[in-house]
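Pasting my_file_24.cif here (mmCIF, C-alpha atoms):
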data_target
loop_
_atom_site.label_atom_id
_atom_site.label_comp_id
_atom_site.auth_asym_id
_atom_site.auth_seq_id
_atom_site.Cartn_x
_atom_site.Cartn_y
_atom_site.Cartn_z
CA MET I 909 -2.41 13.13 -28.47
CA ILE I 910 -5.36 13.68 -26.12
CA LYS I 911 -5.25 17.03 -24.32
CA LEU I 912 -5.53 16.91 -20.54
CA LEU I 913 -8.27 19.01 -19.05
CA SER I 914 -7.08 22.00 -16.95
CA GLY I 915 -3.56 20.62 -16.78
CA PHE I 916 -4.64 17.72 -14.58
CA ILE I 917 -4.16 14.03 -15.35
CA ALA I 918 -7.03 11.66 -14.62
CA MET I 919 -5.98 8.47 -12.86
CA LEU I 920 -7.97 5.31 -12.23
CA LEU I 921 -8.40 4.51 -8.56
CA VAL I 922 -6.90 1.10 -7.81
CA SER I 923 -8.34 -0.04 -4.51
CA ASN I 924 -6.21 -1.50 -1.72
CA ILE I 925 -9.25 -3.35 -0.45
CA SER I 926 -8.78 -7.12 -0.13
CA PRO I 927 -11.38 -8.50 2.30
CA ASN I 928 -11.97 -12.20 2.80
CA LEU I 929 -15.36 -12.15 1.09
CA PHE I 930 -14.95 -15.09 -1.26
CA ALA I 931 -13.62 -18.60 -0.78
CA GLN I 932 -10.63 -18.09 -3.08
CA ASN I 933 -9.32 -15.21 -0.97
CA ASP I 934 -7.30 -17.33 1.46
CA ILE I 935 -4.45 -14.95 2.20
CA ILE I 936 -5.12 -15.53 5.89
CA GLN I 937 -6.15 -18.89 7.32
CA VAL I 938 -7.31 -19.45 10.88
CA THR I 939 -7.05 -22.69 12.86
CA SER I 940 -8.10 -23.70 16.38
CA LYS I 941 -6.54 -26.12 18.87
CA ARG I 942 -8.33 -27.57 21.90
CA ASN I 943 -6.23 -27.90 25.04
CA ASP I 944 -6.47 -30.34 27.96
CA ASP I 945 -7.77 -27.57 30.23
CA LYS I 946 -10.72 -27.09 27.84
CA SER I 947 -9.34 -23.78 26.54
CA VAL I 948 -8.97 -23.18 22.80
CA ASP I 949 -6.04 -21.50 21.03
CA ILE I 950 -6.95 -19.72 17.79
CA SER I 951 -4.00 -19.06 15.49
CA TYR I 952 -3.40 -17.73 11.98
CA THR I 953 -1.09 -18.09 9.01
CA LYS I 954 -0.58 -15.30 6.45
CA LYS I 955 0.59 -15.93 2.89
CA LEU I 956 1.52 -12.38 1.88
CA PRO I 957 3.81 -9.78 3.52
CA GLY I 958 2.47 -6.64 5.17
CA SER I 959 -0.05 -5.72 7.84
CA TYR I 960 -3.57 -7.14 7.80
CA TYR I 961 -6.51 -6.19 9.97
CA VAL I 962 -8.25 -9.39 11.07
CA LYS I 963 -11.71 -9.61 12.62
CA LEU I 964 -13.43 -12.72 13.95
CA GLU I 965 -17.19 -12.29 14.27
CA PHE I 966 -18.46 -15.04 16.55
CA THR I 967 -21.84 -16.22 15.32
CA SER I 968 -22.31 -18.64 18.24
CA MET I 969 -20.55 -19.25 21.54
CA THR I 970 -21.21 -21.54 24.51
CA ASN I 971 -19.25 -21.90 27.77
CA CYS I 972 -17.19 -18.76 27.04
CA TYR I 973 -17.65 -14.99 27.40
CA GLN I 974 -15.53 -14.06 24.35
CA ARG I 975 -16.88 -11.29 22.14
CA ASP I 976 -15.88 -10.45 18.56
CA PHE I 977 -12.12 -10.17 18.19
CA GLU I 978 -9.98 -7.87 16.07
CA LYS I 979 -6.24 -7.48 15.65
CA VAL I 980 -3.61 -6.19 13.22
CA VAL I 981 -1.17 -8.97 12.29
CA LYS I 982 2.22 -8.53 10.63
CA SER I 983 4.07 -11.83 11.10
CA ASN I 984 3.62 -14.80 8.78
CA SER I 985 1.96 -16.75 11.60
CA GLY I 986 1.02 -16.43 15.24
CA LYS I 987 -1.67 -16.69 17.90
CA LEU I 988 -4.77 -14.56 17.71
CA LEU I 989 -6.44 -15.33 21.03
CA LYS I 990 -7.21 -17.97 23.65
CA LEU I 991 -10.80 -18.92 24.50
CA ARG I 992 -11.20 -19.81 28.18
CA PRO I 993 -14.13 -21.90 29.45
CA ILE I 994 -16.61 -20.69 32.03
CA ASN I 995 -16.93 -24.27 33.24
CA ASP I 996 -13.55 -26.01 32.96
CA LYS I 997 -15.27 -29.40 32.95
CA GLU I 998 -16.95 -28.77 29.60
CA HIS I 999 -15.80 -27.91 26.11
CA ILE I 1000 -16.24 -24.54 24.44
CA ASN I 1001 -18.36 -24.66 21.31
CA PHE I 1002 -18.26 -21.78 18.83
CA SER I 1003 -18.51 -20.67 15.22
CA TYR I 1004 -17.30 -17.50 13.56
CA LYS I 1005 -16.93 -15.50 10.36
CA LEU I 1006 -13.42 -14.46 9.33
CA ASN I 1007 -12.89 -11.04 7.76
CA TYR I 1008 -9.61 -9.38 6.89
CA ILE I 1009 -8.27 -6.47 4.92
CA LYS I 1010 -4.81 -5.24 3.96
CA GLY I 1011 -3.56 -2.45 6.22
CA HIS I 1012 -3.78 -1.01 9.71
CA PRO I 1013 -7.01 0.96 10.26
CA ASN I 1014 -6.35 4.58 11.25
CA PRO I 1015 -2.63 4.17 12.00
CA LYS I 1016 -0.57 6.87 13.70
CA VAL I 1017 0.65 8.49 10.52
CA ASP I 1018 3.79 10.61 10.69
CA GLN I 1019 2.41 13.67 8.88
CA ASP I 1020 5.78 15.45 9.11
CA PHE I 1021 7.80 12.70 7.46
CA VAL I 1022 9.94 13.96 4.57
CA TYR I 1023 9.93 11.75 1.46
CA VAL I 1024 12.39 11.56 -1.43
CA LEU I 1025 11.08 12.17 -4.93
CA PRO I 1026 10.96 8.83 -6.82
CA PHE I 1027 13.61 9.56 -9.44
CA LYS I 1028 17.40 9.51 -9.51
CA LYS I 1029 19.18 12.02 -7.31
CA GLY I 1030 19.92 15.21 -9.23
CA GLU I 1031 17.13 14.78 -11.80
CA SER I 1032 14.79 17.69 -12.56
CA ILE I 1033 11.13 16.66 -12.85
CA THR I 1034 7.77 18.32 -13.45
CA VAL I 1035 5.01 17.10 -11.14
CA ILE I 1036 1.37 17.07 -12.21
CA ALA I 1037 -1.55 16.61 -9.82
CA THR I 1038 -4.12 13.93 -10.69
CA THR I 1039 -7.87 13.74 -10.36
CA ASN I 1040 -9.86 10.80 -9.04
CA LEU I 1041 -11.81 8.87 -11.68
CA LYS I 1042 -14.35 7.67 -9.12
CA GLU I 1043 -15.65 11.20 -9.05
CA THR I 1044 -15.03 12.08 -12.70
CA TYR I 1045 -16.42 8.99 -14.39
CA PHE I 1046 -18.58 7.12 -11.86
CA ASP I 1047 -20.48 10.01 -10.24
CA ALA I 1048 -19.16 8.94 -6.84
CA GLU I 1049 -18.72 11.16 -3.83
CA LYS I 1050 -15.71 13.48 -4.03
CA ASP I 1051 -12.68 12.40 -1.99
CA THR I 1052 -11.81 15.54 -0.06
CA ASN I 1053 -8.32 14.26 0.76
CA TRP I 1054 -7.42 12.81 -2.65
CA LYS I 1055 -3.75 13.52 -3.37
CA SER I 1056 -1.88 11.76 -6.13
CA PHE I 1057 0.81 12.78 -8.60
CA ALA I 1058 2.18 11.96 -12.04
CA VAL I 1059 5.46 12.63 -13.80
CA ASP I 1060 6.06 12.32 -17.56
CA ARG I 1061 9.53 11.52 -18.92
CA ALA I 1062 10.97 11.39 -22.42
CA ALA I 1063 12.81 8.10 -21.84
CA ALA I 1064 12.33 4.82 -19.96
CA GLU I 1065 13.93 5.98 -16.72
CA THR I 1066 14.45 3.99 -13.54
CA ILE I 1067 12.15 4.73 -10.60
CA PHE I 1068 13.51 4.90 -7.04
CA SER I 1069 11.94 4.37 -3.62
CA MET I 1070 10.70 7.38 -1.63
CA ARG I 1071 11.08 5.83 1.82
CA LYS I 1072 12.13 2.69 3.67
CA GLY I 1073 9.45 0.01 3.67
CA ILE I 1074 8.36 -3.53 2.83
CA VAL I 1075 7.26 -4.46 -0.70
CA ILE I 1076 3.77 -5.91 -0.26
CA GLU I 1077 2.57 -5.98 -3.86
CA VAL I 1078 4.26 -6.44 -7.23
CA ILE I 1079 2.13 -6.45 -10.39
CA SER I 1080 4.17 -7.09 -13.54
CA GLN I 1081 1.80 -8.72 -16.02
CA TYR I 1082 0.60 -6.02 -18.42
CA ASN I 1083 1.96 -5.07 -21.82
CA THR I 1084 1.28 -1.57 -23.11
CA ASP I 1085 -1.52 -1.35 -25.66
CA THR I 1086 0.19 0.64 -28.40
CA THR I 1087 -2.90 0.66 -30.63
CA ASN I 1088 -4.86 3.10 -28.46
CA THR I 1089 -4.38 6.56 -27.02
CA TYR I 1090 -5.91 6.90 -23.58
CA LYS I 1091 -6.14 9.24 -20.63
CA TYR I 1092 -6.02 6.37 -18.15
CA THR I 1093 -5.99 2.61 -17.90
CA SER I 1094 -6.24 0.21 -14.99
CA LYS I 1095 -3.89 -2.22 -16.73
CA MET I 1096 -0.61 -0.77 -15.50
CA ASN I 1097 2.15 -2.57 -13.62
CA ARG I 1098 2.76 -1.35 -10.09
CA ILE I 1099 4.56 -1.73 -6.79
CA THR I 1100 3.03 -1.11 -3.37
CA VAL I 1101 5.22 -0.53 -0.32
CA GLU I 1102 4.13 -0.45 3.32
CA HIS I 1103 5.92 1.98 5.63
CA GLU I 1104 6.58 1.77 9.36
CA ASP I 1105 3.78 4.21 10.26
CA GLY I 1106 1.13 2.21 8.38
CA THR I 1107 1.07 4.27 5.19
CA PHE I 1108 1.33 2.78 1.70
CA ALA I 1109 3.22 4.14 -1.28
CA ARG I 1110 2.07 3.12 -4.75
CA TYR I 1111 4.29 3.40 -7.81
CA ILE I 1112 2.38 2.78 -11.07
CA GLY I 1113 3.63 2.60 -14.64
CA PHE I 1114 6.39 -0.01 -14.91
CA LYS I 1115 7.35 -1.98 -17.98
CA ARG I 1116 6.46 -5.66 -17.79
CA ASP I 1117 9.28 -7.80 -16.37
CA SER I 1118 11.33 -4.68 -15.61
CA ILE I 1119 10.71 -4.51 -11.86
CA PHE I 1120 13.82 -5.06 -9.74
CA VAL I 1121 12.35 -5.63 -6.25
CA LYS I 1122 10.59 -8.72 -4.88
CA LEU I 1123 7.60 -9.33 -2.67
CA GLY I 1124 8.56 -9.06 1.01
CA GLN I 1125 11.82 -7.20 0.31
CA THR I 1126 12.90 -4.34 2.57
CA ILE I 1127 13.75 -1.29 0.49
CA TYR I 1128 15.32 2.06 1.38
CA PRO I 1129 15.27 5.66 0.10
CA GLN I 1130 16.65 5.63 -3.46
CA THR I 1131 16.44 1.84 -3.88
CA LYS I 1132 15.94 1.06 -7.57
CA LEU I 1133 12.40 -0.22 -8.15
CA GLY I 1134 12.00 -0.70 -11.89
CA VAL I 1135 11.89 0.89 -15.35
CA LEU I 1136 9.02 2.99 -16.70
CA ASP I 1137 6.83 1.80 -19.56
CA ILE I 1138 5.77 3.89 -22.54
CA PHE I 1139 2.45 5.70 -22.24
CA ASN I 1140 0.33 6.78 -25.22
CA ASN I 1141 3.26 6.06 -27.54
CA THR I 1142 4.70 9.50 -26.73
CA ASN I 1143 6.22 9.50 -23.25
CA TYR I 1144 6.85 7.46 -20.10
CA ARG I 1145 4.66 8.13 -17.09
CA LEU I 1146 4.85 7.38 -13.37
CA TYR I 1147 1.86 7.71 -11.04
CA PHE I 1148 2.59 7.79 -7.29
CA ASP I 1149 0.68 8.45 -4.09
CA ILE I 1150 0.77 7.79 -0.35
CA SER I 1151 -2.28 6.63 1.60
CA TYR I 1152 -3.49 4.64 4.60
CA LEU I 1153 -6.46 2.49 5.58
CA LYS I 1154 -9.34 4.31 7.25
CA ALA I 1155 -11.86 2.77 9.63
CA VAL I 1156 -13.18 -0.52 8.23
CA ASP I 1157 -16.82 -1.47 7.81
CA PHE I 1158 -16.96 -5.03 6.50
CA ASN I 1159 -20.74 -4.89 6.00
CA SER I 1160 -20.28 -1.95 3.64
CA ILE I 1161 -17.43 -3.65 1.79
CA ARG I 1162 -19.61 -6.71 1.10
CA GLU I 1163 -21.90 -4.50 -0.98
CA ARG I 1164 -18.99 -4.00 -3.40
CA THR I 1165 -19.95 -0.50 -4.56
CA ILE I 1166 -17.63 2.27 -5.74
CA VAL I 1167 -18.45 4.36 -2.68
CA SER I 1168 -18.15 1.56 -0.14
CA GLU I 1169 -14.70 0.57 -1.39
CA ASN I 1170 -13.35 4.04 -0.65
CA GLN I 1171 -11.68 2.95 2.57
CA THR I 1172 -8.33 4.63 1.99
CA ALA I 1173 -7.27 8.15 2.87
CA HIS I 1174 -4.48 9.98 1.08
CA ILE I 1175 -1.96 12.24 2.74
CA THR I 1176 -0.22 15.36 1.48
CA PRO I 1177 3.41 14.48 2.17
CA TYR I 1178 6.51 16.62 2.37
CA PHE I 1179 9.19 15.98 -0.25
CA TYR I 1180 12.80 17.10 -0.06
CA SER I 1181 13.80 19.57 -2.77
CA SER I 1182 15.74 22.86 -2.89
CA SER I 1183 17.37 21.77 0.39
CA GLU I 1184 14.10 21.88 2.33
CA PRO I 1185 10.79 20.01 2.80
CA VAL I 1186 8.16 21.16 0.32
CA PHE I 1187 4.59 20.31 -0.67
CA LEU I 1188 4.25 19.37 -4.33
CA GLU I 1189 2.23 21.76 -6.48
CA ASN I 1190 0.58 21.08 -9.81
CA ASN I 1191 2.70 21.68 -12.92
CA SER I 1192 5.76 22.67 -10.87
CA ASP I 1193 9.42 21.74 -11.27
CA TYR I 1194 11.56 20.05 -8.60
CA ILE I 1195 15.09 18.72 -8.21
CA VAL I 1196 15.43 15.25 -6.66
CA GLU I 1197 17.57 15.62 -3.53
CA ILE I 1198 18.44 13.64 -0.41
CA ASN I 1199 20.66 14.23 2.62
CA GLU I 1200 22.00 11.92 5.34
CA ASP I 1201 19.28 12.82 7.85
CA ILE I 1202 16.54 11.74 5.41
CA LEU I 1203 18.47 8.71 4.15
CA PHE I 1204 19.22 7.28 7.61
CA LYS I 1205 16.04 8.37 9.43
CA GLU I 1206 14.53 4.87 9.57
CA PHE I 1207 17.71 2.81 9.38
CA THR I 1208 18.55 0.51 12.27
CA ARG I 1209 22.06 0.76 13.69
CA ARG I 1210 22.98 -2.44 11.91
CA GLU I 1211 21.62 -1.16 8.57
CA LYS I 1212 23.45 2.14 8.93
CA LYS I 1213 26.72 0.36 9.67
CA LYS I 1214 26.22 -1.97 6.71
CA TYR I 1215 25.37 0.93 4.41
CA LYS I 1216 28.56 2.79 5.25
CA LYS I 1217 30.58 -0.31 4.41
CA ASN I 1218 28.83 -0.96 1.10
CA PRO I 1219 26.18 1.53 -0.11
CA LEU I 1220 25.64 -0.50 -3.30
CA ASP I 1221 23.85 -3.17 -1.25
CA PHE I 1222 21.01 -0.66 -0.70
CA GLU I 1223 20.43 0.37 -4.30
#

Structure rendered as structure tokens:
Amino acid sequence: MIKLLSGFIAMLLVSNISPNLFAQNDIIQVTSKRNDDKSVDISYTKKLPGSYYVKLEFTSMTNCYQRDFEKVVKSNSGKLLKLRPINDKEHINFSYKLNYIKGHPNPKVDQDFVYVLPFKKGESITVIATTNLKETYFDAEKDTNWKSFAVDRAAAETIFSMRKGIVIEVISQYNTDTTNTYKYTSKMNRITVEHEDGTFARYIGFKRDSIFVKLGQTIYPQTKLGVLDIFNNTNYRLYFDISYLKAVDFNSIRERTIVSENQTAHITPYFYSSSEPVFLENNSDYIVEINEDILFKEFTRREKKKYKKNPLDFE
């Protein structure tokens, strides 16, 4: 078995970046409709769940004062903007470039939110801090706010949700390569969940075809997500972190470099253990706990009422 340097586990950075830079990336499509009053309605449709930051860069414009437009969209479809003519006797003529990226740039993150550890209530786990392979292996600039964790288990345990959110990504296509021993691999199945405050939780390390949740599903604290896969033929490992989208520079993203794709910022979240909020420390032990305040914090009244009638519906 490969020894881990200084007790830290190295983890491959999997970018959340998904800009519309190539023709096949058609997650968001934009259409325009000309009206009788010479105005133009510009609308969108979105194929995947979750928030997307959309920017229209107008490359030409006549008979209208409209500048570049940007907006965060969450619904599957809707109106982006209306172009109004300067001269209502003539048409508006325009052209634009469409850019988009998953996430809400610089959202109002709830830094005091208390998360639930991603294992079954009552379990004792040892948390290990991870390093960023961009810095370790690609000589990229150090991420000063990098914060990610890993937990090793002796068996293929079920992983649970840390917070209410919407499942925006499910990758369940990789089989474990049992012929090699490795410190990291990018070919790991994962789930990404978007939270109400614009943060994302990533859970990485599931066995193929052993993920229970579906794309677009609303999940809750302690919802069952999936079963861990074997790692290095010796144990079962979960990687998890919480991040958000920083300010977006589409010109930088187009260069497609390691540094330019670093558009996410990690947070250092509180987790509930020992009956109080705590920050996770490297190589430290914690008990998975949850109370009613944490469980119901983001529930709607309807969800809370439904839960009390049948808690099994929320597992």

**Q.** Residue IDs satisfying the PyMOL selection byres ((chain I and resi 1021-1034) around 8), as a ChimeraX atom specification
**A.** /I:1018-1020,1035-1036,1059-1060,1066-1071,1129-1130,1177-1180,1185,1191-1198,1202

With C-alpha atoms retained, write the just-selected residues as a PDB file, in the frame of the given file.
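Ended up saving to part.pdb:
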ATOM      1  CA  ASP I1018       3.790  10.610  10.690  1.00  0.00           C
ATOM      2  CA  GLN I1019       2.410  13.670   8.880  1.00  0.00           C
ATOM      3  CA  ASP I1020       5.780  15.450   9.110  1.00  0.00           C
ATOM      4  CA  VAL I1035       5.010  17.100 -11.140  1.00  0.00           C
ATOM      5  CA  ILE I1036       1.370  17.070 -12.210  1.00  0.00           C
ATOM      6  CA  VAL I1059       5.460  12.630 -13.800  1.00  0.00           C
ATOM      7  CA  ASP I1060       6.060  12.320 -17.560  1.00  0.00           C
ATOM      8  CA  THR I1066      14.450   3.990 -13.540  1.00  0.00           C
ATOM      9  CA  ILE I1067      12.150   4.730 -10.600  1.00  0.00           C
ATOM     10  CA  PHE I1068      13.510   4.900  -7.040  1.00  0.00           C
ATOM     11  CA  SER I1069      11.940   4.370  -3.620  1.00  0.00           C
ATOM     12  CA  MET I1070      10.700   7.380  -1.630  1.00  0.00           C
ATOM     13  CA  ARG I1071      11.080   5.830   1.820  1.00  0.00           C
ATOM     14  CA  PRO I1129      15.270   5.660   0.100  1.00  0.00           C
ATOM     15  CA  GLN I1130      16.650   5.630  -3.460  1.00  0.00           C
ATOM     16  CA  PRO I1177       3.410  14.480   2.170  1.00  0.00           C
ATOM     17  CA  TYR I1178       6.510  16.620   2.370  1.00  0.00           C
ATOM     18  CA  PHE I1179       9.190  15.980  -0.250  1.00  0.00           C
ATOM     19  CA  TYR I1180      12.800  17.100  -0.060  1.00  0.00           C
ATOM     20  CA  PRO I1185      10.790  20.010   2.800  1.00  0.00           C
ATOM     21  CA  ASN I1191       2.700  21.680 -12.920  1.00  0.00           C
ATOM     22  CA  SER I1192       5.760  22.670 -10.870  1.00  0.00           C
ATOM     23  CA  ASP I1193       9.420  21.740 -11.270  1.00  0.00           C
ATOM     24  CA  TYR I1194      11.560  20.050  -8.600  1.00  0.00           C
ATOM     25  CA  ILE I1195      15.090  18.720  -8.210  1.00  0.00           C
ATOM     26  CA  VAL I1196      15.430  15.250  -6.660  1.00  0.00           C
ATOM     27  CA  GLU I1197      17.570  15.620  -3.530  1.00  0.00           C
ATOM     28  CA  ILE I1198      18.440  13.640  -0.410  1.00  0.00           C
ATOM     29  CA  ILE I1202      16.540  11.740   5.410  1.00  0.00           C
TER      30      ILE I1202
END

Q. Excluding same-chain residues fewer than 4 positions from Phe1204 in chain I, what lies within 10 Å of it counting all atoms listed in the file, as a VMD selection string?
A. chain I and resid 1072 1128 to 1129 1199 to 1200 1208 to 1209 1211 to 1212 1215

Output C-alpha atoms for every residue in the selection just made, as a CSV table (one decimal), keeping the file's coordinate frame.
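The resulting file, out-v7.csv, is shown below:
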chain,number,residue,atom,x,y,z
I,1072,LYS,CA,12.1,2.7,3.7
I,1128,TYR,CA,15.3,2.1,1.4
I,1129,PRO,CA,15.3,5.7,0.1
I,1199,ASN,CA,20.7,14.2,2.6
I,1200,GLU,CA,22.0,11.9,5.3
I,1208,THR,CA,18.6,0.5,12.3
I,1209,ARG,CA,22.1,0.8,13.7
I,1211,GLU,CA,21.6,-1.2,8.6
I,1212,LYS,CA,23.4,2.1,8.9
I,1215,TYR,CA,25.4,0.9,4.4

Q) So which residues get picked by the PyMOL selection byres ((chain I and resi 973) around 12) here, written as JSON, numbers by chain? A) {"I": [966, 968, 969, 970, 971, 972, 974, 975, 976, 977, 990, 991, 992, 993, 994, 995, 1000, 1001, 1002]}

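Here CA of Lys955 in chain I is placed at a distance of 6.7 Å from CA of Asn984 in chain I.
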
Expanded to explicit residues, what is the PyMOL selection byres ((chain I and resi 1056) around 8) for this file, as an mmCIF file with C-alpha atoms, in the coordinates of the input?
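Written output follows (selection.cif):
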data_model
loop_
_atom_site.group_PDB
_atom_site.id
_atom_site.type_symbol
_atom_site.label_atom_id
_atom_site.label_comp_id
_atom_site.auth_asym_id
_atom_site.auth_seq_id
_atom_site.Cartn_x
_atom_site.Cartn_y
_atom_site.Cartn_z
ATOM 1 C CA ALA I 1037 -1.550 16.610 -9.820
ATOM 2 C CA THR I 1038 -4.120 13.930 -10.690
ATOM 3 C CA THR I 1039 -7.870 13.740 -10.360
ATOM 4 C CA TRP I 1054 -7.420 12.810 -2.650
ATOM 5 C CA LYS I 1055 -3.750 13.520 -3.370
ATOM 6 C CA PHE I 1057 0.810 12.780 -8.600
ATOM 7 C CA ALA I 1058 2.180 11.960 -12.040
ATOM 8 C CA TYR I 1147 1.860 7.710 -11.040
ATOM 9 C CA PHE I 1148 2.590 7.790 -7.290
ATOM 10 C CA ASP I 1149 0.680 8.450 -4.090
ATOM 11 C CA ILE I 1150 0.770 7.790 -0.350
ATOM 12 C CA HIS I 1174 -4.480 9.980 1.080
#

Q.
Env of Val1101 in chain I: 6 Å cut, atoms = all atoms listed in the file, seq-sep filter 6 positions within chain, self excluded. Answer as a ChimeraX atom specification.
A. /I:1073-1076,1108-1109

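Here CA of Leu1123 in chain I stands at a distance of 19.9 Å from CA of Phe1207 in chain I.
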
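From CA of Tyr1111 in chain I back to CA of Leu1153 in chain I, the distance works out to 17.2 Å.
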
Q) Contacts of Lys963 in chain I at 8 Å or less, counting all atoms listed in the file, minus same-chain residues fewer than 5 places along, as an MDAnalysis selection string? A) chainID I and resid 976:979 1006:1008

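The smallest atom-to-atom distance between Asn1159 in chain I and any of I:Ile1079, I:Ile1127, I:Gly1011, I:Glu965, using all atoms listed in the file, is found for I:Glu965.
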
Please supply range 1112-1128 of chain I, rebuilt with N, CA and C atoms, as a JSON list (two decimals), in the coordinates of the input.
[["chain", "number", "residue", "atom", "x", "y", "z"],
["I", 1112, "ILE", "N", 3.13, 3.39, -9.98],
["I", 1112, "ILE", "CA", 2.38, 2.78, -11.07],
["I", 1112, "ILE", "C", 2.93, 3.23, -12.41],
["I", 1113, "GLY", "N", 3.20, 2.26, -13.30],
["I", 1113, "GLY", "CA", 3.63, 2.60, -14.64],
["I", 1113, "GLY", "C", 4.88, 1.89, -15.12],
["I", 1114, "PHE", "N", 5.17, 0.71, -14.56],
["I", 1114, "PHE", "CA", 6.39, -0.01, -14.91],
["I", 1114, "PHE", "C", 6.22, -0.87, -16.17],
["I", 1115, "LYS", "N", 7.33, -1.06, -16.85],
["I", 1115, "LYS", "CA", 7.35, -1.98, -17.98],
["I", 1115, "LYS", "C", 7.29, -3.41, -17.47],
["I", 1116, "ARG", "N", 6.59, -4.26, -18.18],
["I", 1116, "ARG", "CA", 6.46, -5.66, -17.79],
["I", 1116, "ARG", "C", 7.85, -6.31, -17.69],
["I", 1117, "ASP", "N", 8.03, -7.08, -16.62],
["I", 1117, "ASP", "CA", 9.28, -7.80, -16.37],
["I", 1117, "ASP", "C", 10.49, -6.88, -16.21],
["I", 1118, "SER", "N", 10.24, -5.62, -15.83],
["I", 1118, "SER", "CA", 11.33, -4.68, -15.61],
["I", 1118, "SER", "C", 11.31, -4.12, -14.19],
["I", 1119, "ILE", "N", 10.73, -4.89, -13.27],
["I", 1119, "ILE", "CA", 10.71, -4.51, -11.86],
["I", 1119, "ILE", "C", 11.84, -5.25, -11.14],
["I", 1120, "PHE", "N", 12.62, -4.51, -10.36],
["I", 1120, "PHE", "CA", 13.82, -5.06, -9.74],
["I", 1120, "PHE", "C", 13.58, -5.66, -8.35],
["I", 1121, "VAL", "N", 12.56, -5.20, -7.64],
["I", 1121, "VAL", "CA", 12.35, -5.63, -6.25],
["I", 1121, "VAL", "C", 11.40, -6.81, -6.20],
["I", 1122, "LYS", "N", 11.41, -7.53, -5.06],
["I", 1122, "LYS", "CA", 10.59, -8.72, -4.88],
["I", 1122, "LYS", "C", 9.63, -8.55, -3.71],
["I", 1123, "LEU", "N", 8.59, -9.34, -3.73],
["I", 1123, "LEU", "CA", 7.60, -9.33, -2.67],
["I", 1123, "LEU", "C", 8.27, -9.65, -1.34],
["I", 1124, "GLY", "N", 8.01, -8.85, -0.32],
["I", 1124, "GLY", "CA", 8.56, -9.06, 1.01],
["I", 1124, "GLY", "C", 9.91, -8.42, 1.23],
["I", 1125, "GLN", "N", 10.49, -7.83, 0.19],
["I", 1125, "GLN", "CA", 11.82, -7.20, 0.31],
["I", 1125, "GLN", "C", 11.76, -5.89, 1.06],
["I", 1126, "THR", "N", 12.75, -5.64, 1.91],
["I", 1126, "THR", "CA", 12.90, -4.34, 2.57],
["I", 1126, "THR", "C", 13.67, -3.42, 1.62],
["I", 1127, "ILE", "N", 13.10, -2.26, 1.36],
["I", 1127, "ILE", "CA", 13.75, -1.29, 0.49],
["I", 1127, "ILE", "C", 14.02, -0.01, 1.27],
["I", 1128, "TYR", "N", 14.84, 0.86, 0.69],
["I", 1128, "TYR", "CA", 15.32, 2.06, 1.38],
["I", 1128, "TYR", "C", 15.19, 3.27, 0.46]]
